[in-house]
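Visitor: Okay, here's the structure, questions in a sec.
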Amino acid sequence: MAQDMTMTADSSAHHFLPTSLRAVIIASALWVLSLSLTVFSGSVAALLGCLIACYLVDWGINRSPLDRLRLLSIVLVCAALFGLGLILAAVMTGTDLLANLASPIYTFNASEFIKWFAVSFSLTVLLRALAHRTSFGAVLEIFFVASAFVITLSAHRNGMIHRPFFIGDFALTRGIDPASILMVLGCGTVLSLAALLMLENHQKRLPYHFTVLGLLCFSLVIYVRTFGLPTPQLTDDLGLTGNEGIGSNSQRENPFRDGQNDSGDKEAPVAIVVFRDDYTPVNGSYYFRESAYSQFNGNMLDFTTRDDMDQDLIEIFTNAAVETSQLPASINERTAVRTSIGLLVSHRSPFGLDSPVAYQSTPNPNNLRFKRTYDAYSLAPEFDFKYLIGREVGREDWSAEVWQEYVAIPNDPRYQALAETLIADLKPQYMNDPFARAWAVKTYLDENGIYSLKNQHAYESDPAASFLFGDLTGYCMHFSFAATYLFRSLGIPTRVGIGYSVPASNRAGGSSLLIQAVHGHAWPEIYFQDIGWVIVDPAPQQTLVDMTTAPQDSLQQLLGDMLRDQTSFEDFLQSRQPPFIDIQLLLNLTYALIALALAAAYAIKYYRLWIPAHADADQQYRVVYRAVLDQLAAVGYHRDYGESREQFATRVAETAPTLPSMTHYHLHRALGDADSQGFDRQQWQLLRDSISKEIQHNVVTWKKVLAKINPFTWVLSK
Amino acid sequence: MTSESVADMTGIEESADSDNSPAAETQLSNSVAVLTTLMDTVQQQVLGRDDVIELAIIALVADGHILLEDFPGSGKTTLAKALGEAITDPRFPSERQNQSSEGSIVPFRRIQFTPDLLPSDITGVPIFDSNSNAFHFRHGPLFAHVVLADEINRTSPKVQSAMLEAMGEKQVTVDNTTYFLDELFFVIATQNPLDLVGTYPLPTPQLDRFLFKITMDHIDRDAELDVLDTYKSRRDKLGKRNTVTREQVLAARAQIDADVAISSAVKIALVDISRNLRQDDRVLQGNSTRSMVLMLPALQVSAALRSRNFVSAEDIELLLPRVLEHRIELAPGVSDIAGILADNMRAPMEQLARGTLS
């Protein structure tokens with residue numbers, strides 16, 4: 001019977017509730033879409049137009065005159081409205097008349113209003129009419145809402161947390177992490193889509209599904225608060241990140257087989273570097289070395305397995321400070337640079353500006369954002385290539401075996417032959433100069449190599465040979481390996497350095513530098529006596545791909561501020577807002593209070609339902625009755641203020657027929673003789689069970705589900 | 001609701017009823033039976049007035065009197081007569097029940113109050129018996145179980161005061177001799193709410209003698225039709241009705257007084273309501289403490305009528321307006337007595353309801 005009643009109630013609310021919900025969802029989609037495209041008045045117009053159109057169509061579609069119009073006519077009318085609005089807006093801004101009468105800004109706002117009203121009204125009428133008249137219309141509607149949100153939020157890809165700008169700027173000027181707003185928006189999108197989906201069929205299931213979805217979204221927020229944000233996943237193309245994909249072993253052995261070298265995530269931020277000392281590289285790029293391929297394993301170059309090689313590298317992260325066991329020489333020609341580095345993606349080894357000499361872990365100012373933060377101390381070169389002319393290569397304390405390792409190449413005579421050819425043109429006085437020989441090789445590669453991410457060499461037994469003696473088309477790995485083999489064939493100790501190379505211009509005058517996935521790089525480096533490892537990087541003049549990225553100045557600055565000093569970042573934010581309101585603190589306090597209140601409410605709720613089983617027998621009349629009242633209040637029946645217990649019991653007798661008699665027993669014990677023996681525990685339990693069954697049987701499902709979830713059910717029970 | 005039906009609804013086994021349904025209620029069953037018989041018998045004769053019958057029986061058993069504000073011909077006499085005849089007195093044979101005899105108490109008397117009525121007309125007079133050469137008291141109509149005092153506001157204050165003395169003290173004094181009325185003396189007084197010309201309105205202290213003042217409306221359509229359909233058959237069935245004895249009523253009165261519990265929460269609620277009323281700006285003079293004292297037995301009877309051995313909020317809600325409506329004076333221009341009572345009851349009643357859980 002109770003279900004019959006709710007059925008009729010539902011059918012009476014049949015039109016209003018779904019229409020409103022759908023109107024709000026479509027309107028918010030249009031609003032979000034319009035935000036980045038128009039001014040405030042335009043957004044408001046989009047909102048208004050959509051709401052009006054939704055109600056108009058939902059109420060009028062089956063009434064005169066809309067019911068006589070054919071779908072085609074409606075489509076045509078919508079198109080006409082759309083065009084009319086655009087033309088009117090164009091005319092308004094195009095003529096001087098209005099601008100002179102009112103102000104130009106007013107005219108512009110008004111024209112935006114008209115334009116967006118027409119756009120959103122006609123679009124919504126079209127969508128709604130299609131949804132009513134055709135079977136695919138509802139799908140279009142959902143698709144529209146989804147794409148509106150996706151288009152708006154698509155700028156926020158690959159960890160670009162400051163985009164879209166209208167959200168990022170809004171959040172940053174108020175000291176809120178934009179990610180939170182994006183998360184909320186995302187949750188809102190999911191909920192809206194779910195609501196739209198469910199609106200089509202079973203309305204009675206709506207609150208149920210909705211609650212479940214809401215909980216899911218809530219748990220997502222909790223997840224992010226606890227475990228951090230999802231970060232961009234990078235392919236381990238250079239062996240930098242240690243993200244082990246499928247077949248990671250072979251991949252590490254063969255850095256050429258990095259698979260797709262997908263440029264889709266090339267803008268993904270990888271790390272942020274904050275320069276504590278000023279430094280500008282001589283050759284136009286900052287090189288950050290992480291590790292090196294130096295030992296020829298019979299197949300190709302790989303990480304060294306010998307302890308006496310590559311002693312300048314630091315392979316693992318440590319919590320304490322760590323220094324290289326081998327410092328570069330020629331201190332006078334180098335400058336000490338301290339950099340703070342925040343990793344957005346996990347890395348296998350620490351990296352630092354060439355040449356890193358020490359690392360020290362620092363407290364992470366933002367656990368959600370940074371995987372790891374550390375300070376790197378580097379001795380950065382300030383010499384140019386002329387300084388290298390006439391220098392000897394190799395290190396005096398190298399054993400013969402180490403020397404041998406640094407000049408080992410594949411068993412392929414073509415390397416030596418090509419190298420000899422290349423240095424044949426050198427002037428006699430430079431004929432035996434190692435740097436001049438290397439420069440000749442580099443020049444050859446610069447002039448003849450073609451940079452391309454697509455190449456044919458990945459699965460050759462020696463990709464470097466395939467590249468060098470083939471089409472000379474490849475990317476940094478090919479260039480660096482080929483150069484290394486050529487250098488080595490000339491007796492120059494060389495290795496392939498792995499890390500990042502970022503154009504100096506990217507710093508854009510600031511002190512922070514954003515490293516993105518696209519900056520991953522490999523280069524040949526030569527050991528000069530009394531100087532150290534020097535990067536001699538071939539730079540092909542022909543390139544088939546555009547590896548430049550749009551400058552991410554604001555993201556770079558934002559991340560840099562986050563890393564540099566949390567307090568100064570907050571100071572900066574605080575300087576932008578009234579000092580007596582700390583929004584972040586208030587928010588955190590509010591979260592904590594809400595969480596506390598929820599926990600306490602649940603505790604009280606379940607305590608009151610649980611205690612009857614454990615209370616004394618002479619308290620049963622009280623606690624059992626209270627538990628029953630809680631159960632009834634949870635499904636929407638509670639005693640009104642001033643209402644007597646008997647009146648309440650009579651009122652809900654239809655739902656819980658046992659309640660009047662139970663109330664009688666309860667009152668008998670509460671108001672009658674206190675010493676008279678009432679029921680024992682078991683009989684009170686029987687009464688409660690029978691009421692529980694009655695509630696189970698007589699109450700609609702969504703109310704029962706809500707009763708389980710709602711923590712405050714006991715508040716109204718009295 | 002009887003205890004059987006309660007047990008049925010709970011679905012608890014039979015044993016629960018006999019073992020655990022509150023023991024004191026079974027002791028009350030005699031009293032409950034008396035009340036139920038009275039209700040049934042009167043209801044057979046007075047249709048559509050169940051609420052008034054209930055209040056009348058409560059007042060009867062609670063040793064109070066009632067004042068009806070009603071229109072002529074609305075069944076007041078029928079009610080009073082039915083109530084009186086439902087109570088038999090074994091000291092007299094049934095055929096003489098209604099006959100006037102000297103020194104006797106009759107079940108029912110009706111007094112029509114007029115301006116020229118004298119106190120002796122209702123109390124009785126000593127008359128000189130020439131045979132015995134002595135004065136002999138002839139009992140007036142007050143010597144009955146149930147007295148219907150019709151249009152009590154139409155008689156002079158002198159008669160009214162004699163009437164009210166009898167109601168208060170259960171005795172009449174004639175020529176310095178005091179005659180005691182029956183223990184079960186019960187007055188149903190009426191006054192016409194409209195026709196006030198040439199009346200002597202009862203002052204508030206005298207109204208205080210009445211436990212309830214009941215304002216009656218016309219009975220509803222179906223009940224009225226029922227009255228027209230069945231008045232003949234009901235008249236034919238005279239004599240077949242169940243009755244209770246005077247002693248049974250008195251025993252029930254004693255037992256209810258002893259066995260129906262009034263918890264302190266109920267008393268607190270009553271006192272709080274009184275205090276609220278006295279502080280209400282719309283009330284000129286609040287109710288007396290005596291009204292609360294008088295109400296307690298009535299609450300007990302009301303509880304017993306519902307097979308309860310404790311006084312509950314239900315009883316207060318039923319009786320409090322009847323008890324207080326004629327006892328409080330409202331400020332000039334205020335007339336919504338029901339609203340004022342409801343407003344002032346709400347908080348104490350809420351307190352009472354919440355108190356059962358703590």
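Here, A, B, ... name the chains of the structure tokens in the order displayed, residue numbers run from 1 inside each chain, and ligands are numbered from 1 in the same displayed order.
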Need to verify the contact set: Asn448 (chain A), 8 Å, only C-alpha atoms, exclusion of same-chain residues closer than 3 positions in sequence. Can you return it as a list in words?
Guide: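 My list of contacting residues is Tyr444, Leu445, Leu472, Pro540, Gln541 and Gln542 of chain A.
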Visitor: Could you produce a table of the residues of region 272-295 of chain B lying within 12 Å of region 59-69 of chain B, with the nearest pair of atoms per residue and their separation in Å rounded to one decimal, using only C-alpha atoms, ordered by chain and increasing residue number, as a tab-separated table?
Guide:
residue	atom	partner	partner_atom	distance
B:Ser291	CA	B:Gly64	CA	11.1
B:Val293	CA	B:Ala62	CA	11.4
B:Leu294	CA	B:Gly64	CA	7.8
B:Met295	CA	B:Ala62	CA	8.5
Visitor: Let me see the file: selected residues, C-alpha atoms, as a JSON list (two decimals), in the first residue's frame.
Guide:
[["chain", "number", "residue", "atom", "x", "y", "z"],
["B", 291, "SER", "CA", -8.16, 22.03, 39.09],
["B", 293, "VAL", "CA", -5.84, 18.01, 41.89],
["B", 294, "LEU", "CA", -9.33, 17.30, 40.56],
["B", 295, "MET", "CA", -7.95, 16.26, 37.25]]
Visitor: Taking 4 positions as the minimum chain separation for residues in the same chain, which residues sit within 10 Å of region 262-272 of chain B when counting only C-alpha atoms? Answer as JSON, numbers by chain.
Guide: {"A": [670, 671, 672, 673, 674], "B": [257, 276, 277, 278, 289, 292, 293, 295, 296, 297, 299, 300, 303, 309, 310, 311, 312, 313, 316, 320, 344, 345, 346, 347, 348, 349, 350, 351, 352, 353, 355, 356]}
Visitor: Take the residues just selected and output them with C-alpha atoms as a PDB file, in the first residue's frame.
Guide:
ATOM      1  CA  ALA A 670       8.189   4.333  31.578  1.00  0.00           C
ATOM      2  CA  LEU A 671       5.097   5.904  33.129  1.00  0.00           C
ATOM      3  CA  GLY A 672       3.581   3.038  35.094  1.00  0.00           C
ATOM      4  CA  ASP A 673       4.894   1.406  38.216  1.00  0.00           C
ATOM      5  CA  ALA A 674       8.643   1.235  37.926  1.00  0.00           C
TER       6      ALA A 674
ATOM      7  CA  ASP B 257      -7.511   5.384  42.502  1.00  0.00           C
ATOM      8  CA  ASN B 276       2.892  28.284  31.155  1.00  0.00           C
ATOM      9  CA  LEU B 277      -0.748  29.251  31.052  1.00  0.00           C
ATOM     10  CA  ARG B 278      -0.375  31.677  33.935  1.00  0.00           C
ATOM     11  CA  THR B 289      -4.092  24.304  41.748  1.00  0.00           C
ATOM     12  CA  MET B 292      -5.000  19.969  38.779  1.00  0.00           C
ATOM     13  CA  VAL B 293      -5.841  18.007  41.890  1.00  0.00           C
ATOM     14  CA  MET B 295      -7.953  16.262  37.251  1.00  0.00           C
ATOM     15  CA  LEU B 296      -5.774  13.472  38.632  1.00  0.00           C
ATOM     16  CA  PRO B 297      -8.631  11.008  39.323  1.00  0.00           C
ATOM     17  CA  LEU B 299      -6.845  11.026  34.277  1.00  0.00           C
ATOM     18  CA  GLN B 300      -6.739   7.735  36.123  1.00  0.00           C
ATOM     19  CA  ALA B 303      -6.380   5.491  31.564  1.00  0.00           C
ATOM     20  CA  ASN B 309      -2.776   1.058  34.561  1.00  0.00           C
ATOM     21  CA  PHE B 310      -0.781   4.214  34.068  1.00  0.00           C
ATOM     22  CA  VAL B 311      -1.646   7.731  33.020  1.00  0.00           C
ATOM     23  CA  SER B 312      -0.261   8.697  29.655  1.00  0.00           C
ATOM     24  CA  ALA B 313      -0.063  11.707  27.369  1.00  0.00           C
ATOM     25  CA  ILE B 316      -3.878  14.565  29.271  1.00  0.00           C
ATOM     26  CA  LEU B 320      -6.914  18.879  29.872  1.00  0.00           C
ATOM     27  CA  ASN B 344       1.063  26.035  26.172  1.00  0.00           C
ATOM     28  CA  MET B 345       0.737  22.259  26.193  1.00  0.00           C
ATOM     29  CA  ARG B 346       3.202  21.626  23.429  1.00  0.00           C
ATOM     30  CA  ALA B 347       6.494  22.055  25.283  1.00  0.00           C
ATOM     31  CA  PRO B 348       5.556  20.157  28.469  1.00  0.00           C
ATOM     32  CA  MET B 349       4.019  17.360  26.416  1.00  0.00           C
ATOM     33  CA  GLU B 350       7.177  17.138  24.333  1.00  0.00           C
ATOM     34  CA  GLN B 351       9.118  16.977  27.563  1.00  0.00           C
ATOM     35  CA  LEU B 352       6.868  14.178  28.763  1.00  0.00           C
ATOM     36  CA  ALA B 353       7.300  12.203  25.557  1.00  0.00           C
ATOM     37  CA  GLY B 355      11.321  11.718  29.128  1.00  0.00           C
ATOM     38  CA  THR B 356      10.267   8.165  28.463  1.00  0.00           C
TER      39      THR B 356
END
Visitor: Sort by chain and increasing residue number a table of all residues of chain A within 7 Å of chain B, each with its closest pair of atoms and their distance in Å to one decimal, counting only C-alpha atoms, and write it as CSV.
Guide:
residue,atom,partner,partner_atom,distance
A:Arg622,CA,B:Leu357,CA,5.3
A:Arg626,CA,B:Leu357,CA,6.8
A:Tyr641,CA,B:Glu350,CA,6.3
A:Gly642,CA,B:Glu350,CA,4.5
A:Glu643,CA,B:Glu350,CA,6.8
A:Ser644,CA,B:Ala353,CA,6.0
A:Arg645,CA,B:Ala353,CA,6.2
A:Glu646,CA,B:Glu314,CA,6.8
A:Thr658,CA,B:Thr10,CA,5.6
A:Ser661,CA,B:Val6,CA,5.4
A:Leu667,CA,B:Thr356,CA,7.0
A:His668,CA,B:Phe310,CA,6.4
A:Ala670,CA,B:Thr356,CA,5.4
A:Leu671,CA,B:Ser263,CA,5.2
A:Gly672,CA,B:Phe310,CA,4.6
A:Asp673,CA,B:Ala261,CA,6.2
A:Gly678,CA,B:Asn20,CA,6.2
A:Phe679,CA,B:Asn20,CA,6.0
A:Leu687,CA,B:Thr10,CA,6.3
A:Lys718,CA,B:Arg354,CA,6.2
Visitor: Between B:Ala223, B:Ala33, B:Leu228, B:Ala189, which residue has the minimum interatomic distance to Arg49 (chain B), considering only C-alpha atoms?
Guide: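 Under the stated criterion, the closest residue is B:Ala223.
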Visitor: CA of Leu486 (chain A) and CA of Tyr500 (chain A), how far apart in Å?
Guide: 22.8 Å
Visitor: With only C-alpha atoms as the counted atoms, please give the residues lying no more than 7 Å from region 26-41 of chain A, apart from itself and same-chain residues fewer than 2 positions off, as a ChimeraX atom specification.
Guide: /A:22-24,43-47,50-51,109,112-113,145,148-149,152,166
Visitor: Excluding Gly198 (chain B) and its own-chain neighbours fewer than 4 positions away, which residues fall within 12 Å of it when counting only C-alpha atoms? Please give them as number ranges by chain.
Guide: B: 114-116, 151, 153-156, 192, 194
Visitor: Would you return as an MDAnalysis selection string the members of region 33-70 of chain A that DSSP assigns to helix (DSSP H, G or I) on this structure's backbone?
Guide: chainID A and resid 33:35 40:60 66:68
Visitor: Hey, can you spit out that residue selection with N, CA and C atoms as a PDB file, in the first residue's frame?
Guide:
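Just written: part09.pdb:
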ATOM      1  N   LEU A  33      31.048  25.295 -21.280  1.00  0.00           N
ATOM      2  CA  LEU A  33      31.550  25.467 -22.636  1.00  0.00           C
ATOM      3  C   LEU A  33      31.729  26.947 -22.951  1.00  0.00           C
ATOM      4  N   SER A  34      30.783  27.756 -22.484  1.00  0.00           N
ATOM      5  CA  SER A  34      30.808  29.171 -22.851  1.00  0.00           C
ATOM      6  C   SER A  34      31.858  29.947 -22.067  1.00  0.00           C
ATOM      7  N   LEU A  35      32.266  29.413 -20.925  1.00  0.00           N
ATOM      8  CA  LEU A  35      33.127  30.182 -20.024  1.00  0.00           C
ATOM      9  C   LEU A  35      34.389  30.689 -20.710  1.00  0.00           C
ATOM     10  N   PHE A  40      31.011  37.337 -19.288  1.00  0.00           N
ATOM     11  CA  PHE A  40      30.061  36.913 -18.263  1.00  0.00           C
ATOM     12  C   PHE A  40      28.629  36.915 -18.779  1.00  0.00           C
ATOM     13  N   SER A  41      28.263  37.990 -19.470  1.00  0.00           N
ATOM     14  CA  SER A  41      26.870  38.083 -19.917  1.00  0.00           C
ATOM     15  C   SER A  41      26.554  36.947 -20.880  1.00  0.00           C
ATOM     16  N   GLY A  42      27.531  36.558 -21.698  1.00  0.00           N
ATOM     17  CA  GLY A  42      27.302  35.457 -22.619  1.00  0.00           C
ATOM     18  C   GLY A  42      27.046  34.157 -21.881  1.00  0.00           C
ATOM     19  N   SER A  43      27.817  33.917 -20.816  1.00  0.00           N
ATOM     20  CA  SER A  43      27.621  32.687 -20.046  1.00  0.00           C
ATOM     21  C   SER A  43      26.253  32.658 -19.404  1.00  0.00           C
ATOM     22  N   VAL A  44      25.866  33.811 -18.854  1.00  0.00           N
ATOM     23  CA  VAL A  44      24.543  33.873 -18.228  1.00  0.00           C
ATOM     24  C   VAL A  44      23.467  33.614 -19.275  1.00  0.00           C
ATOM     25  N   ALA A  45      23.650  34.190 -20.450  1.00  0.00           N
ATOM     26  CA  ALA A  45      22.670  33.994 -21.512  1.00  0.00           C
ATOM     27  C   ALA A  45      22.592  32.524 -21.899  1.00  0.00           C
ATOM     28  N   ALA A  46      23.750  31.874 -21.964  1.00  0.00           N
ATOM     29  CA  ALA A  46      23.760  30.451 -22.316  1.00  0.00           C
ATOM     30  C   ALA A  46      22.964  29.656 -21.289  1.00  0.00           C
ATOM     31  N   LEU A  47      23.182  30.010 -20.019  1.00  0.00           N
ATOM     32  CA  LEU A  47      22.478  29.325 -18.938  1.00  0.00           C
ATOM     33  C   LEU A  47      20.973  29.524 -19.060  1.00  0.00           C
ATOM     34  N   LEU A  48      20.601  30.786 -19.225  1.00  0.00           N
ATOM     35  CA  LEU A  48      19.175  31.126 -19.283  1.00  0.00           C
ATOM     36  C   LEU A  48      18.498  30.466 -20.473  1.00  0.00           C
ATOM     37  N   GLY A  49      19.132  30.622 -21.640  1.00  0.00           N
ATOM     38  CA  GLY A  49      18.536  30.094 -22.857  1.00  0.00           C
ATOM     39  C   GLY A  49      18.295  28.606 -22.743  1.00  0.00           C
ATOM     40  N   CYS A  50      19.256  27.913 -22.166  1.00  0.00           N
ATOM     41  CA  CYS A  50      19.131  26.468 -22.051  1.00  0.00           C
ATOM     42  C   CYS A  50      17.998  26.093 -21.109  1.00  0.00           C
ATOM     43  N   LEU A  51      17.941  26.762 -19.959  1.00  0.00           N
ATOM     44  CA  LEU A  51      16.893  26.433 -18.982  1.00  0.00           C
ATOM     45  C   LEU A  51      15.515  26.661 -19.583  1.00  0.00           C
ATOM     46  N   ILE A  52      15.349  27.826 -20.221  1.00  0.00           N
ATOM     47  CA  ILE A  52      14.034  28.142 -20.806  1.00  0.00           C
ATOM     48  C   ILE A  52      13.676  27.104 -21.860  1.00  0.00           C
ATOM     49  N   ALA A  53      14.651  26.788 -22.709  1.00  0.00           N
ATOM     50  CA  ALA A  53      14.376  25.846 -23.787  1.00  0.00           C
ATOM     51  C   ALA A  53      13.980  24.485 -23.230  1.00  0.00           C
ATOM     52  N   CYS A  54      14.674  24.048 -22.162  1.00  0.00           N
ATOM     53  CA  CYS A  54      14.373  22.736 -21.589  1.00  0.00           C
ATOM     54  C   CYS A  54      12.933  22.672 -21.101  1.00  0.00           C
ATOM     55  N   TYR A  55      12.548  23.673 -20.300  1.00  0.00           N
ATOM     56  CA  TYR A  55      11.180  23.654 -19.774  1.00  0.00           C
ATOM     57  C   TYR A  55      10.161  23.786 -20.900  1.00  0.00           C
ATOM     58  N   LEU A  56      10.478  24.640 -21.842  1.00  0.00           N
ATOM     59  CA  LEU A  56       9.547  24.862 -22.951  1.00  0.00           C
ATOM     60  C   LEU A  56       9.279  23.564 -23.693  1.00  0.00           C
ATOM     61  N   VAL A  57      10.357  22.878 -24.057  1.00  0.00           N
ATOM     62  CA  VAL A  57      10.188  21.669 -24.866  1.00  0.00           C
ATOM     63  C   VAL A  57       9.528  20.566 -24.044  1.00  0.00           C
ATOM     64  N   ASP A  58       9.994  20.388 -22.791  1.00  0.00           N
ATOM     65  CA  ASP A  58       9.455  19.272 -22.017  1.00  0.00           C
ATOM     66  C   ASP A  58       7.975  19.444 -21.727  1.00  0.00           C
ATOM     67  N   TRP A  59       7.541  20.685 -21.545  1.00  0.00           N
ATOM     68  CA  TRP A  59       6.128  20.872 -21.253  1.00  0.00           C
ATOM     69  C   TRP A  59       5.295  21.070 -22.501  1.00  0.00           C
ATOM     70  N   GLY A  60       5.941  21.557 -23.553  1.00  0.00           N
ATOM     71  CA  GLY A  60       5.138  21.922 -24.697  1.00  0.00           C
ATOM     72  C   GLY A  60       5.150  20.925 -25.828  1.00  0.00           C
ATOM     73  N   LEU A  66       3.252  22.982 -30.422  1.00  0.00           N
ATOM     74  CA  LEU A  66       4.478  22.233 -30.745  1.00  0.00           C
ATOM     75  C   LEU A  66       4.170  20.850 -31.288  1.00  0.00           C
ATOM     76  N   ASP A  67       3.060  20.241 -30.814  1.00  0.00           N
ATOM     77  CA  ASP A  67       2.805  18.861 -31.227  1.00  0.00           C
ATOM     78  C   ASP A  67       2.442  18.766 -32.706  1.00  0.00           C
ATOM     79  N   ARG A  68       2.057  19.888 -33.315  1.00  0.00           N
ATOM     80  CA  ARG A  68       1.711  19.826 -34.735  1.00  0.00           C
ATOM     81  C   ARG A  68       2.939  19.997 -35.614  1.00  0.00           C
TER      82      ARG A  68
END
Visitor: Which residues are close to region 77-79 of chain B, i.e. within 10 Å by only C-alpha atoms, leaving aside same-chain residues fewer than 4 positions away? Reply as a PyMOL selection string.
Guide: chain B and resi 42-43+45-47+49+52-53+56+72-73+83-85+108-110+147-150+188+190
Visitor: Mind writing the picked residues with N, CA and C atoms as a compact mmCIF listing (two decimals), in the first residue's frame?
Guide:
# COMPACT_ATOMS: atom_id res chain seq x y z
N VAL B 42 -24.88 2.94 27.93
CA VAL B 42 -25.28 4.30 27.58
C VAL B 42 -25.21 4.52 26.08
N GLN B 43 -24.21 3.91 25.47
CA GLN B 43 -24.07 4.11 24.02
C GLN B 43 -25.25 3.53 23.25
N GLN B 45 -28.21 3.81 24.02
CA GLN B 45 -29.35 4.71 24.05
C GLN B 45 -29.03 6.10 23.50
N VAL B 46 -27.78 6.48 23.61
CA VAL B 46 -27.40 7.80 23.11
C VAL B 46 -26.45 7.60 21.94
N LEU B 47 -26.94 7.99 20.77
CA LEU B 47 -26.13 7.73 19.58
C LEU B 47 -25.35 8.97 19.17
N ARG B 49 -22.76 10.32 20.37
CA ARG B 49 -22.21 11.18 21.42
C ARG B 49 -21.16 10.43 22.23
N VAL B 52 -18.90 12.46 24.49
CA VAL B 52 -19.55 13.03 25.68
C VAL B 52 -19.83 11.92 26.70
N ILE B 53 -20.26 10.78 26.21
CA ILE B 53 -20.53 9.65 27.12
C ILE B 53 -19.27 9.28 27.88
N ALA B 56 -18.56 11.82 30.47
CA ALA B 56 -19.52 11.74 31.56
C ALA B 56 -19.16 10.59 32.48
N PRO B 72 -31.18 22.77 23.16
CA PRO B 72 -32.29 21.92 23.63
C PRO B 72 -32.51 20.77 22.65
N GLY B 73 -32.91 19.65 23.21
CA GLY B 73 -33.23 18.52 22.35
C GLY B 73 -32.04 17.81 21.79
N LEU B 83 -27.54 7.05 31.95
CA LEU B 83 -26.46 6.85 32.90
C LEU B 83 -27.01 6.47 34.26
N GLY B 84 -28.05 7.18 34.68
CA GLY B 84 -28.65 6.86 35.96
C GLY B 84 -29.22 5.46 35.99
N GLU B 85 -29.88 5.07 34.92
CA GLU B 85 -30.53 3.77 34.91
C GLU B 85 -29.54 2.63 34.73
N PHE B 108 -32.10 8.48 39.09
CA PHE B 108 -32.03 9.62 38.18
C PHE B 108 -33.10 10.65 38.52
N ARG B 109 -32.72 11.93 38.54
CA ARG B 109 -33.68 13.02 38.71
C ARG B 109 -33.33 14.14 37.76
N ARG B 110 -34.37 14.80 37.29
CA ARG B 110 -34.13 15.94 36.41
C ARG B 110 -34.74 17.16 37.06
N VAL B 147 -28.12 13.45 38.66
CA VAL B 147 -29.07 14.56 38.64
C VAL B 147 -28.79 15.40 37.40
N LEU B 148 -29.83 15.62 36.61
CA LEU B 148 -29.70 16.50 35.46
C LEU B 148 -30.20 17.87 35.86
N ALA B 149 -29.29 18.83 35.94
CA ALA B 149 -29.66 20.19 36.32
C ALA B 149 -29.78 21.00 35.04
N ASP B 150 -31.02 21.10 34.55
CA ASP B 150 -31.22 21.68 33.23
C ASP B 150 -31.24 23.20 33.31
N ILE B 188 -25.16 16.39 36.14
CA ILE B 188 -24.93 16.85 34.77
C ILE B 188 -25.73 18.14 34.63
N THR B 190 -26.60 21.73 32.59
CA THR B 190 -26.55 22.23 31.22
C THR B 190 -26.81 23.72 31.21
Visitor: Do you have the CA of Glu323 (chain A)-CA of Asn297 (chain A) distance handy?
Guide: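 So the two atoms, CA of Glu323 (chain A) and CA of Asn297 (chain A), lie 27.8 Å apart.
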